[in-house]
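Have a look at the structure below before the remarks.
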Amino acid sequence: MQNSKKLQNIEIKKLTLKNINKNYFKWVNIKSINRYLEIRHKKQTKSDIKKFILSSNKSKNIYLFGIFVLKNNNHIGNIKLEISSIYHKRAEVGIMIGDKTVWGKGYGSEAILLIEKFAKKKLKLKKLFAGCYEDNIGSKKAFLKAKWKIEGVQKNFWRTSTKKRNSNILLGKSI
């Protein structure tokens, strides 16, 4: 794991209804931000977002966190850990940096490292995995910077109306 000096820009905190503000609402409905998220298929309402947060927080297998910049407490995105197997001690990670002004600053990688720490120490998990569209360069870079490995590629995995996205890049890390 990277040294703690590199983990001083952000923190992750449980996402709650009070985190829904007009910025958050915009993120989930802007094409350039949501183009790799499955929520893009339907315009998201405030009610949809509230239901998502409430159902995630009620679940025993989902941990939904907001990503906040330490110096100003700005909510810049979300990261979710969803346990797929208690027995096998593994979970899937999903991330969205919604604030485009901070794209490319390494906050995604930091959030991934923080969720790893949480998964290992609090939940005693052993394996994390994620998937991303082949052309989602930002997400792929964030995971690779956090020392995840590309473990596979699923051909013709995604269906879109405009173009065929050929592959799902499978990323993983043993923790």
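Going through the structure tokens in order, the chains are called A, B, and so on, while each chain numbers its residues from 1 and the ligands are numbered from 1 in the order shown.
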Find the residues near Lys26 in chain A: any atom within 12 Å, counting only C-alpha atoms, skip ones fewer than 5 places away on the same chain, and give them as a ChimeraX atom specification. /A:20-21,31-34,43-46,49,76-77,98-100
Between range 23-124 of chain A and range 146-155 of chain A, at 7 Å or less, what are the per-residue closest atom pairs and their distances in Å? Count only C-alpha atoms, order by chain and rising residue number, and return it as CSV.
residue,atom,partner,partner_atom,distance
A:Ser109,CA,A:Ala146,CA,5.3
A:Ile112,CA,A:Ala146,CA,6.7
A:Leu113,CA,A:Ala146,CA,6.2
Any chance you can output those residues with C-alpha atoms as a PDB file, in the first residue's frame?
ATOM      1  CA  SER A 109      -6.993   6.243  -6.654  1.00  0.00           C
ATOM      2  CA  ILE A 112      -9.855   3.133  -3.932  1.00  0.00           C
ATOM      3  CA  LEU A 113      -6.985   2.778  -1.449  1.00  0.00           C
TER       4      LEU A 113
END
Let me make sure I understand: among A:Glu110, A:Glu11, A:Glu92, A:Glu82, which one has the smallest atom-to-atom distance to Ala142 in chain A if we use only C-alpha atoms? A:Glu110
Considering only C-alpha atoms, return as a ChimeraX atom specification whatever protein or nucleic-acid residues lie within 8 Å of Ile53 in chain A, sequence-local ones (same chain, fewer than 5 positions apart) excluded. /A:15-17,64
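Within the 12 Å cut-off around Asn73 in chain A, using only C-alpha atoms and omitting residues fewer than 5 positions from it on the same chain, the listed residues are Asn9, Ile10, Glu11, Ile12, Lys13, Asn19, Gly66, Ile67 and Phe68 of chain A.
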Report the residues of chain A whose backbone DSSP state falls under strand (DSSP E), written as a PyMOL selection string. chain A and resi 10-14+62-69+75-85+90-97+127-133+149-155+167-174
Can you pull out every residue from chain A that DSSP, working from the backbone, puts in alpha helix (DSSP H), and format the result as a VMD selection string? chain A and resid 22 to 27 31 to 34 46 to 58 107 to 121 137 to 145
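When only C-alpha atoms are used to compute distances to Leu128 in chain A, the closest of the residues A:Ala111, A:Leu171, A:Val102, A:Ile95 turns out to be A:Leu171.
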Which residue, A:Tyr107, A:Asp135, A:Asp48, A:His75, has the smallest gap to Asn23 in chain A when you use only C-alpha atoms? A:His75
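With only C-alpha atoms as the atoms that count, the minimum distance from Lys42 in chain A to the choices A:Val28, A:Ala130, A:Ala91, A:Leu54 is reached by A:Val28.
Taking CA of Lys60 in chain A and CA of Ala119 in chain A as the two end points, the separation is 13.7 Å.
If only C-alpha atoms are the atoms counted, then among A:Lys50, A:His88, A:Lys80, A:Lys141 the closest residue to Tyr24 in chain A is A:Lys50.
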